[in-house]
$ cat run01.pdb   # PDB, C-alpha atoms, pLDDT in the B column
MODEL        1
ATOM      1  CA  MET A 151     -81.005  -3.753-113.303  1.00 59.00           C
ATOM      2  CA  SER A 152     -77.991  -2.605-115.297  1.00 88.00           C
ATOM      3  CA  ILE A 153     -77.316   1.115-115.638  1.00 96.00           C
ATOM      4  CA  SER A 154     -78.206   2.742-118.959  1.00 97.00           C
ATOM      5  CA  PHE A 155     -78.679   6.216-120.369  1.00 97.00           C
ATOM      6  CA  LYS A 156     -82.262   5.298-121.159  1.00 95.00           C
ATOM      7  CA  ASP A 157     -83.252   4.338-117.625  1.00 96.00           C
ATOM      8  CA  ASN A 158     -80.524   5.839-115.405  1.00 97.00           C
ATOM      9  CA  PRO A 159     -79.138   8.894-117.232  1.00 97.00           C
ATOM     10  CA  LYS A 160     -77.482  10.486-114.187  1.00 97.00           C
ATOM     11  CA  GLU A 161     -75.741   7.262-113.153  1.00 98.00           C
ATOM     12  CA  ALA A 162     -74.673   6.477-116.721  1.00 98.00           C
ATOM     13  CA  LEU A 163     -73.316   9.999-117.214  1.00 98.00           C
ATOM     14  CA  ALA A 164     -71.348   9.718-113.975  1.00 98.00           C
ATOM     15  CA  LEU A 165     -69.690   6.518-115.206  1.00 98.00           C
ATOM     16  CA  TYR A 166     -68.961   8.105-118.589  1.00 98.00           C
ATOM     17  CA  GLU A 167     -67.364  11.109-116.895  1.00 98.00           C
ATOM     18  CA  ARG A 168     -65.320   8.838-114.611  1.00 98.00           C
ATOM     19  CA  ASP A 169     -64.053   6.390-117.220  1.00 98.00           C
ATOM     20  CA  GLY A 170     -64.248   8.358-120.481  1.00 98.00           C
ATOM     21  CA  TYR A 171     -66.527   5.803-122.108  1.00 98.00           C
ATOM     22  CA  PHE A 172     -69.808   4.000-121.564  1.00 98.00           C
ATOM     23  CA  VAL A 173     -71.260   0.993-123.396  1.00 98.00           C
ATOM     24  CA  GLU A 174     -75.027   1.346-123.804  1.00 98.00           C
ATOM     25  CA  GLN A 175     -76.470  -2.120-124.320  1.00 97.00           C
ATOM     26  CA  SER A 176     -78.999  -3.158-126.978  1.00 97.00           C
ATOM     27  CA  VAL A 177     -79.842   0.196-128.547  1.00 98.00           C
ATOM     28  CA  PHE A 178     -80.477  -1.139-132.068  1.00 98.00           C
ATOM     29  CA  THR A 179     -82.319  -4.370-132.812  1.00 98.00           C
ATOM     30  CA  ALA A 180     -80.875  -7.253-134.831  1.00 98.00           C
ATOM     31  CA  PRO A 181     -83.063  -6.395-137.876  1.00 98.00           C
ATOM     32  CA  GLU A 182     -81.955  -2.759-137.682  1.00 98.00           C
ATOM     33  CA  CYS A 183     -78.305  -3.837-137.594  1.00 98.00           C
ATOM     34  CA  ALA A 184     -78.863  -6.129-140.581  1.00 98.00           C
ATOM     35  CA  GLU A 185     -80.453  -3.261-142.521  1.00 98.00           C
ATOM     36  CA  ILE A 186     -77.486  -0.974-141.797  1.00 98.00           C
ATOM     37  CA  ILE A 187     -75.016  -3.703-142.846  1.00 98.00           C
ATOM     38  CA  ASP A 188     -76.952  -4.273-146.053  1.00 98.00           C
ATOM     39  CA  ALA A 189     -76.740  -0.550-146.832  1.00 98.00           C
ATOM     40  CA  GLY A 190     -73.023  -0.585-146.090  1.00 97.00           C
ATOM     41  CA  MET A 191     -72.471  -3.447-148.516  1.00 96.00           C
ATOM     42  CA  LYS A 192     -74.088  -1.337-151.251  1.00 96.00           C
ATOM     43  CA  LEU A 193     -71.773   1.670-150.867  1.00 96.00           C
ATOM     44  CA  PRO A 194     -69.608   2.424-153.927  1.00 93.00           C
ATOM     45  CA  GLY A 195     -66.257   1.549-152.346  1.00 87.00           C
ATOM     46  CA  ILE A 196     -67.115  -1.951-151.208  1.00 89.00           C
ATOM     47  CA  MET A 197     -68.940  -2.616-154.463  1.00 81.00           C
ATOM     48  CA  ALA A 198     -65.588  -1.960-156.143  1.00 82.00           C
ATOM     49  CA  GLY A 199     -63.785  -4.332-153.742  1.00 84.00           C
ATOM     50  CA  ASP A 200     -62.385  -1.630-151.427  1.00 84.00           C
ATOM     51  CA  HIS A 201     -62.618  -2.601-147.734  1.00 89.00           C
ATOM     52  CA  ARG A 202     -61.373   0.710-146.373  1.00 89.00           C
ATOM     53  CA  PRO A 203     -63.873   2.363-144.025  1.00 92.00           C
ATOM     54  CA  ALA A 204     -66.459   4.348-145.959  1.00 94.00           C
ATOM     55  CA  MET A 205     -66.304   8.020-145.003  1.00 94.00           C
ATOM     56  CA  HIS A 206     -69.588   9.918-144.566  1.00 97.00           C
ATOM     57  CA  PRO A 207     -72.038   7.255-145.751  1.00 97.00           C
ATOM     58  CA  HIS A 208     -74.806   9.564-144.505  1.00 98.00           C
ATOM     59  CA  ARG A 209     -74.121  11.645-147.613  1.00 97.00           C
ATOM     60  CA  GLN A 210     -74.800   8.629-149.830  1.00 96.00           C
ATOM     61  CA  SER A 211     -77.674   6.772-148.155  1.00 96.00           C
ATOM     62  CA  SER A 212     -80.580   8.034-146.061  1.00 97.00           C
ATOM     63  CA  ILE A 213     -80.277   4.988-143.798  1.00 98.00           C
ATOM     64  CA  PHE A 214     -77.060   6.333-142.294  1.00 98.00           C
ATOM     65  CA  LEU A 215     -78.477   9.830-141.939  1.00 98.00           C
ATOM     66  CA  ASP A 216     -81.448   8.304-140.115  1.00 98.00           C
ATOM     67  CA  VAL A 217     -79.053   6.568-137.717  1.00 98.00           C
ATOM     68  CA  MET A 218     -77.141   9.799-137.087  1.00 98.00           C
ATOM     69  CA  ARG A 219     -80.458  11.505-136.296  1.00 98.00           C
ATOM     70  CA  ASP A 220     -81.875   8.647-134.230  1.00 98.00           C
ATOM     71  CA  ARG A 221     -83.288   9.997-130.977  1.00 98.00           C
ATOM     72  CA  ARG A 222     -81.828   7.074-129.043  1.00 98.00           C
ATOM     73  CA  ILE A 223     -78.373   8.482-129.797  1.00 98.00           C
ATOM     74  CA  VAL A 224     -79.123  12.194-130.043  1.00 98.00           C
ATOM     75  CA  ASP A 225     -80.790  12.360-126.626  1.00 98.00           C
ATOM     76  CA  THR A 226     -77.703  10.802-125.049  1.00 98.00           C
ATOM     77  CA  MET A 227     -75.381  13.090-126.991  1.00 98.00           C
ATOM     78  CA  ARG A 228     -77.220  16.103-125.615  1.00 98.00           C
ATOM     79  CA  LEU A 229     -75.939  15.017-122.192  1.00 98.00           C
ATOM     80  CA  LEU A 230     -72.424  14.152-123.361  1.00 98.00           C
ATOM     81  CA  VAL A 231     -71.719  17.403-125.223  1.00 98.00           C
ATOM     82  CA  GLY A 232     -73.584  19.631-122.791  1.00 97.00           C
ATOM     83  CA  GLY A 233     -76.136  21.121-125.138  1.00 98.00           C
ATOM     84  CA  ARG A 234     -77.822  20.710-128.475  1.00 98.00           C
ATOM     85  CA  PRO A 235     -75.716  18.371-130.640  1.00 98.00           C
ATOM     86  CA  ASN A 236     -75.018  18.501-134.339  1.00 98.00           C
ATOM     87  CA  GLY A 237     -73.857  15.472-136.266  1.00 98.00           C
ATOM     88  CA  LEU A 238     -70.305  15.826-137.568  1.00 98.00           C
ATOM     89  CA  GLN A 239     -69.060  12.636-139.187  1.00 97.00           C
ATOM     90  CA  THR A 240     -70.072   9.082-140.011  1.00 98.00           C
ATOM     91  CA  GLU A 241     -67.777   6.220-140.964  1.00 96.00           C
ATOM     92  CA  PHE A 242     -68.795   2.675-141.843  1.00 97.00           C
ATOM     93  CA  PHE A 243     -66.234   0.015-140.910  1.00 95.00           C
ATOM     94  CA  TYR A 244     -65.960  -3.325-142.681  1.00 96.00           C
ATOM     95  CA  GLY A 245     -63.227  -4.689-140.405  1.00 94.00           C
ATOM     96  CA  LYS A 246     -61.648  -6.957-143.000  1.00 93.00           C
ATOM     97  CA  PRO A 247     -59.890  -9.991-141.507  1.00 95.00           C
ATOM     98  CA  ASP A 248     -56.143  -9.624-140.863  1.00 92.00           C
ATOM     99  CA  VAL A 249     -56.131  -5.857-141.465  1.00 88.00           C
ATOM    100  CA  LYS A 250     -54.271  -3.991-138.722  1.00 86.00           C
ATOM    101  CA  GLY A 251     -56.601  -2.054-136.408  1.00 86.00           C
ATOM    102  CA  PHE A 252     -56.385   1.592-135.409  1.00 85.00           C
ATOM    103  CA  ALA A 253     -53.358   2.761-133.436  1.00 89.00           C
ATOM    104  CA  ARG A 254     -53.911   4.222-129.994  1.00 94.00           C
ATOM    105  CA  HIS A 255     -55.506   7.667-130.474  1.00 95.00           C
ATOM    106  CA  GLN A 256     -57.861  10.366-129.219  1.00 97.00           C
ATOM    107  CA  ASP A 257     -60.710  11.254-131.587  1.00 96.00           C
ATOM    108  CA  ASN A 258     -60.281  14.924-130.789  1.00 97.00           C
ATOM    109  CA  PHE A 259     -56.696  14.832-132.071  1.00 93.00           C
ATOM    110  CA  PHE A 260     -58.263  14.936-135.531  1.00 92.00           C
ATOM    111  CA  VAL A 261     -61.242  17.196-134.793  1.00 96.00           C
ATOM    112  CA  GLU A 262     -59.639  19.829-132.532  1.00 96.00           C
ATOM    113  CA  ALA A 263     -62.943  20.763-130.884  1.00 97.00           C
ATOM    114  CA  PRO A 264     -63.378  22.009-127.309  1.00 96.00           C
ATOM    115  CA  GLY A 265     -62.869  18.909-125.172  1.00 95.00           C
ATOM    116  CA  ASP A 266     -66.327  18.980-123.580  1.00 96.00           C
ATOM    117  CA  ALA A 267     -68.177  19.713-126.834  1.00 98.00           C
ATOM    118  CA  PHE A 268     -67.393  16.619-128.890  1.00 98.00           C
ATOM    119  CA  ALA A 269     -68.134  12.892-128.440  1.00 98.00           C
ATOM    120  CA  SER A 270     -68.368   9.708-130.490  1.00 98.00           C
ATOM    121  CA  ALA A 271     -70.927   6.907-130.781  1.00 98.00           C
ATOM    122  CA  TRP A 272     -69.337   3.656-132.017  1.00 98.00           C
ATOM    123  CA  ILE A 273     -72.160   1.282-132.956  1.00 98.00           C
ATOM    124  CA  ALA A 274     -71.431  -2.457-133.101  1.00 98.00           C
ATOM    125  CA  LEU A 275     -73.457  -4.084-135.893  1.00 98.00           C
ATOM    126  CA  VAL A 276     -72.206  -7.561-134.926  1.00 98.00           C
ATOM    127  CA  ASP A 277     -70.903  -8.833-131.599  1.00 98.00           C
ATOM    128  CA  VAL A 278     -67.484  -7.195-131.228  1.00 98.00           C
ATOM    129  CA  GLY A 279     -64.653  -8.321-128.965  1.00 97.00           C
ATOM    130  CA  PRO A 280     -60.864  -8.734-129.006  1.00 97.00           C
ATOM    131  CA  ASN A 281     -60.871 -11.602-131.516  1.00 97.00           C
ATOM    132  CA  ASN A 282     -62.639  -9.713-134.303  1.00 97.00           C
ATOM    133  CA  GLY A 283     -61.179  -6.240-134.162  1.00 95.00           C
ATOM    134  CA  GLY A 284     -62.680  -4.989-130.915  1.00 97.00           C
ATOM    135  CA  LEU A 285     -61.908  -1.689-129.238  1.00 98.00           C
ATOM    136  CA  ILE A 286     -59.021  -1.268-126.811  1.00 98.00           C
ATOM    137  CA  GLY A 287     -59.441   1.490-124.233  1.00 98.00           C
ATOM    138  CA  TYR A 288     -57.683   3.200-121.330  1.00 98.00           C
ATOM    139  CA  PRO A 289     -60.194   4.180-118.626  1.00 98.00           C
ATOM    140  CA  GLY A 290     -59.625   7.627-117.147  1.00 98.00           C
ATOM    141  CA  SER A 291     -57.247   8.705-119.910  1.00 98.00           C
ATOM    142  CA  HIS A 292     -59.650  11.445-121.012  1.00 98.00           C
ATOM    143  CA  ASN A 293     -58.731  13.370-117.862  1.00 98.00           C
ATOM    144  CA  GLU A 294     -55.303  14.078-119.367  1.00 98.00           C
ATOM    145  CA  GLY A 295     -56.801  16.335-122.038  1.00 97.00           C
ATOM    146  CA  ARG A 296     -55.001  16.409-125.366  1.00 97.00           C
ATOM    147  CA  LEU A 297     -51.915  14.195-125.267  1.00 98.00           C
ATOM    148  CA  PRO A 298     -48.835  14.250-127.503  1.00 96.00           C
ATOM    149  CA  VAL A 299     -48.371  11.778-130.345  1.00 95.00           C
ATOM    150  CA  ARG A 300     -45.447  10.031-131.984  1.00 93.00           C
ATOM    151  CA  LYS A 301     -45.173   9.192-135.650  1.00 91.00           C
ATOM    152  CA  LEU A 302     -45.385   5.530-136.661  1.00 87.00           C
ATOM    153  CA  ASN A 303     -44.567   5.758-140.378  1.00 73.00           C
ATOM    154  CA  LEU A 304     -46.187   2.416-141.178  1.00 67.00           C
ATOM    155  CA  GLY A 305     -47.343   3.621-144.571  1.00 63.00           C
ATOM    156  CA  ASP A 306     -50.684   2.982-146.208  1.00 63.00           C
ATOM    157  CA  ILE A 307     -52.363  -0.214-145.002  1.00 60.00           C
ATOM    158  CA  GLN A 308     -54.623  -1.799-147.574  1.00 65.00           C
ATOM    159  CA  GLY A 309     -58.197  -2.032-146.352  1.00 61.00           C
ATOM    160  CA  GLN A 310     -57.753   0.526-143.575  1.00 66.00           C
ATOM    161  CA  ASP A 311     -58.451   4.219-143.023  1.00 67.00           C
ATOM    162  CA  PRO A 312     -55.404   6.172-144.278  1.00 63.00           C
ATOM    163  CA  ASN A 313     -55.135   7.984-140.920  1.00 69.00           C
ATOM    164  CA  ALA A 314     -55.445   4.857-138.780  1.00 64.00           C
ATOM    165  CA  ASN A 315     -51.738   4.265-138.185  1.00 71.00           C
ATOM    166  CA  ASN A 316     -49.926   7.507-138.984  1.00 77.00           C
ATOM    167  CA  GLU A 317     -49.195   8.190-135.324  1.00 88.00           C
ATOM    168  CA  GLU A 318     -50.117   6.976-131.855  1.00 93.00           C
ATOM    169  CA  THR A 319     -50.951   8.744-128.608  1.00 96.00           C
ATOM    170  CA  VAL A 320     -48.182   8.892-126.016  1.00 97.00           C
ATOM    171  CA  LEU A 321     -49.970   7.766-122.866  1.00 96.00           C
ATOM    172  CA  PRO A 322     -48.730   8.059-119.254  1.00 96.00           C
ATOM    173  CA  SER A 323     -47.830   4.647-117.833  1.00 95.00           C
ATOM    174  CA  GLN A 324     -50.470   4.536-115.071  1.00 97.00           C
ATOM    175  CA  TYR A 325     -53.355   3.801-117.440  1.00 98.00           C
ATOM    176  CA  MET A 326     -54.332   0.166-117.829  1.00 97.00           C
ATOM    177  CA  GLU A 327     -55.468  -1.311-121.140  1.00 97.00           C
ATOM    178  CA  ILE A 328     -58.858  -2.998-121.305  1.00 98.00           C
ATOM    179  CA  ASP A 329     -60.980  -4.587-124.016  1.00 98.00           C
ATOM    180  CA  LEU A 330     -64.365  -2.992-124.638  1.00 98.00           C
ATOM    181  CA  LEU A 331     -66.937  -5.708-125.305  1.00 97.00           C
ATOM    182  CA  VAL A 332     -69.707  -4.263-127.465  1.00 98.00           C
ATOM    183  CA  PRO A 333     -72.522  -6.683-128.369  1.00 98.00           C
ATOM    184  CA  ARG A 334     -74.507  -6.307-131.564  1.00 98.00           C
ATOM    185  CA  GLY A 335     -76.733  -3.248-131.493  1.00 98.00           C
ATOM    186  CA  SER A 336     -74.894  -1.691-128.550  1.00 98.00           C
ATOM    187  CA  ILE A 337     -73.049   1.633-128.577  1.00 98.00           C
ATOM    188  CA  ALA A 338     -69.684   2.557-127.109  1.00 98.00           C
ATOM    189  CA  TYR A 339     -69.903   6.255-126.261  1.00 98.00           C
ATOM    190  CA  LEU A 340     -66.401   7.764-126.238  1.00 98.00           C
ATOM    191  CA  HIS A 341     -65.233  11.050-124.725  1.00 98.00           C
ATOM    192  CA  SER A 342     -63.338  13.306-127.110  1.00 98.00           C
ATOM    193  CA  TYR A 343     -60.051  12.639-125.271  1.00 98.00           C
ATOM    194  CA  PHE A 344     -60.584   8.969-124.354  1.00 98.00           C
ATOM    195  CA  VAL A 345     -57.540   7.067-125.612  1.00 98.00           C
ATOM    196  CA  HIS A 346     -58.499   3.998-127.609  1.00 97.00           C
ATOM    197  CA  GLY A 347     -57.498   1.812-130.549  1.00 95.00           C
ATOM    198  CA  SER A 348     -58.590  -1.506-132.005  1.00 94.00           C
ATOM    199  CA  HIS A 349     -57.369  -5.063-132.452  1.00 95.00           C
ATOM    200  CA  THR A 350     -56.693  -6.778-135.737  1.00 94.00           C
ATOM    201  CA  ASN A 351     -59.655  -8.925-136.801  1.00 95.00           C
ATOM    202  CA  LYS A 352     -58.391 -12.502-136.407  1.00 96.00           C
ATOM    203  CA  THR A 353     -61.575 -14.187-137.577  1.00 96.00           C
ATOM    204  CA  SER A 354     -62.644 -15.046-141.113  1.00 97.00           C
ATOM    205  CA  ASP A 355     -65.674 -12.708-141.025  1.00 97.00           C
ATOM    206  CA  LEU A 356     -66.045  -8.997-141.619  1.00 96.00           C
ATOM    207  CA  ARG A 357     -66.531  -6.958-138.449  1.00 97.00           C
ATOM    208  CA  PHE A 358     -69.149  -4.307-139.133  1.00 98.00           C
ATOM    209  CA  ALA A 359     -69.456  -1.105-137.111  1.00 98.00           C
ATOM    210  CA  LEU A 360     -70.711   2.423-137.682  1.00 98.00           C
ATOM    211  CA  LEU A 361     -69.175   5.526-136.136  1.00 98.00           C
ATOM    212  CA  CYS A 362     -71.254   8.666-135.637  1.00 98.00           C
ATOM    213  CA  THR A 363     -69.605  11.728-134.085  1.00 98.00           C
ATOM    214  CA  TYR A 364     -71.316  14.793-132.656  1.00 98.00           C
ATOM    215  CA  ILE A 365     -70.414  18.317-131.617  1.00 98.00           C
ATOM    216  CA  ARG A 366     -72.216  20.893-129.529  1.00 98.00           C
ATOM    217  CA  GLU A 367     -73.983  23.369-131.762  1.00 98.00           C
ATOM    218  CA  GLY A 368     -71.814  26.422-132.389  1.00 97.00           C
ATOM    219  CA  ALA A 369     -68.547  24.823-131.203  1.00 98.00           C
ATOM    220  CA  SER A 370     -65.465  25.064-133.413  1.00 97.00           C
ATOM    221  CA  PHE A 371     -63.896  22.065-135.151  1.00 97.00           C
ATOM    222  CA  ARG A 372     -61.368  21.222-137.853  1.00 95.00           C
ATOM    223  CA  PRO A 373     -63.048  20.042-141.075  1.00 95.00           C
ATOM    224  CA  GLY A 374     -59.991  17.977-142.072  1.00 89.00           C
ATOM    225  CA  GLN A 375     -58.473  17.528-145.500  1.00 86.00           C
ATOM    226  CA  TYR A 376     -59.482  13.860-145.723  1.00 84.00           C
ATOM    227  CA  ALA A 377     -62.623  13.810-143.566  1.00 87.00           C
ATOM    228  CA  GLN A 378     -64.085  17.134-144.774  1.00 92.00           C
ATOM    229  CA  ARG A 379     -66.421  17.312-141.795  1.00 95.00           C
ATOM    230  CA  GLU A 380     -69.545  19.437-141.869  1.00 96.00           C
ATOM    231  CA  ALA A 381     -72.073  20.003-139.093  1.00 97.00           C
ATOM    232  CA  VAL A 382     -75.411  18.265-139.701  1.00 97.00           C
ATOM    233  CA  ALA A 383     -78.624  19.260-137.987  1.00 97.00           C
ATOM    234  CA  VAL A 384     -79.992  16.327-135.991  1.00 97.00           C
TER     235      VAL A 384
ENDMDL
END
$ encode --input "run01.pdb" --output "structure tokens"
Amino acid sequence: MSISFKDNPKEALALYERDGYFVEQSVFTAPECAEIIDAGMKLPGIMAGDHRPAMHPHRQSSIFLDVMRDRRIVDTMRLLVGGRPNGLQTEFFYGKPDVKGFARHQDNFFVEAPGDAFASAWIALVDVGPNNGGLIGYPGSHNEGRLPVRKLNLGDIQGQDPNANNEETVLPSQYMEIDLLVPRGSIAYLHSYFVHGSHTNKTSDLRFALLCTYIREGASFRPGQYAQREAVAV
């Protein structure tokens, strides 16, 4: 039997703490994923032809707030952030073909929370791998804590988050790059300092995913000028 937070929480947490990430298989069903995608395709931006990730869809549709509050995620987040979690941010990704993926980064570079109080749940709504914009990760990199960055100055990339390629994490050479394979309905749980990025989608289809981030109740964080994060009771 494969290890999961549902059935083997101690073993799954140990792997998460070792590697900085853990892929929980088959959390959401295919119909649930289809319902979330349908809601994403009705958000104002995409209806206007804008394929940039939609920031905070939970403020626009109850479906996304329901996902953020889903016990299947929240119960795991209680382990990952070491206490009662609050929701912090959602982002719906369309993954338009041929749009450059995210540069190598640490989520906590943007949030500036205590390192053990913040974590991310990246939910694949279709099968996601290296050909369609899948995640790239560096196991163990979270043990470095906050790493320096270098500016990229690539400018605004149409169809992408405006912060996706402003800078990249400077990573020590001993960390090996891997592809995170995240099947539909599965969740990649990411430590606040886990270094990761994403491939360009080389297929002809959109690559749908939903990001939900969480912070331990009472912990400090940076709201952000663009993200404008606010804690949400879950």
$ resolve_selection --input "run01.pdb" --expression "the PyMOL selection byres ((chain A and resi 254-258) around 9)" --output "count of residues only"
34
$ resolve_selection --input "run01.pdb" --expression "the PyMOL selection byres ((chain A and resi 204) around 10)" --output "ChimeraX atom specification"
/A:190,193-196,200-203,205-208,240-244,310-311,360
$ residues_around --input "run01.pdb" --residues "A:Leu331" --least-positions-apart "3" --cutoff "10 Å" --atoms "all atoms listed in the file" --output "PyMOL selection string"
chain A and resi 173+274+277-280+284-286+328+334+336+338
$ write_last_selection --input "run01.pdb" --atoms "C-alpha atoms" --output "short mmCIF file (atom, residue, chain, number, x, y, z; two decimals), keeping the file's coordinate frame"
data_model
loop_
_atom_site.label_atom_id
_atom_site.label_comp_id
_atom_site.auth_asym_id
_atom_site.auth_seq_id
_atom_site.Cartn_x
_atom_site.Cartn_y
_atom_site.Cartn_z
CA VAL A 173 -71.26 0.99 -123.40
CA ALA A 274 -71.43 -2.46 -133.10
CA ASP A 277 -70.90 -8.83 -131.60
CA VAL A 278 -67.48 -7.20 -131.23
CA GLY A 279 -64.65 -8.32 -128.96
CA PRO A 280 -60.86 -8.73 -129.01
CA GLY A 284 -62.68 -4.99 -130.92
CA LEU A 285 -61.91 -1.69 -129.24
CA ILE A 286 -59.02 -1.27 -126.81
CA ILE A 328 -58.86 -3.00 -121.30
CA ARG A 334 -74.51 -6.31 -131.56
CA SER A 336 -74.89 -1.69 -128.55
CA ALA A 338 -69.68 2.56 -127.11
#
$ atom_distance --input "run01.pdb" --atom1 "atom CA of A:Asp157" --atom2 "atom CA of A:Arg228"
15.4 Å
$ residues_around --input "run01.pdb" --residues "A:Ile365" --least-positions-apart "3" --cutoff "7 Å" --atoms "only C-alpha atoms" --output "PDB file with C-alpha atoms, in the coordinates of the input"
ATOM      1  CA  VAL A 231     -71.719  17.403-125.223  1.00 98.00           C
ATOM      2  CA  PRO A 235     -75.716  18.371-130.640  1.00 98.00           C
ATOM      3  CA  ASN A 236     -75.018  18.501-134.339  1.00 98.00           C
ATOM      4  CA  GLY A 237     -73.857  15.472-136.266  1.00 98.00           C
ATOM      5  CA  LEU A 238     -70.305  15.826-137.568  1.00 98.00           C
ATOM      6  CA  ALA A 267     -68.177  19.713-126.834  1.00 98.00           C
ATOM      7  CA  PHE A 268     -67.393  16.619-128.890  1.00 98.00           C
ATOM      8  CA  ALA A 269     -68.134  12.892-128.440  1.00 98.00           C
ATOM      9  CA  ALA A 369     -68.547  24.823-131.203  1.00 98.00           C
TER      10      ALA A 369
END
$ closest_residue --input "run01.pdb" --among "A:Asp266, A:Asp248, A:Glu182, A:Asp329" --to "A:Val217" --atoms "only C-alpha atoms"
A:Glu182
$ atom_distance --input "run01.pdb" --atom1 "atom CA of A:Asp188" --atom2 "atom CA of A:Ala359"
12.1 Å
$ closest_residue --input "run01.pdb" --among "A:Arg366, A:Arg379, A:Lys192, A:Lys160" --to "A:Gly233" --atoms "all atoms listed in the file"
A:Arg366
$ residues_around --input "run01.pdb" --residues "A:Gln324" --least-positions-apart "6" --cutoff "12 Å" --atoms "all atoms listed in the file" --output "ChimeraX atom specification"
/A:288-291,294
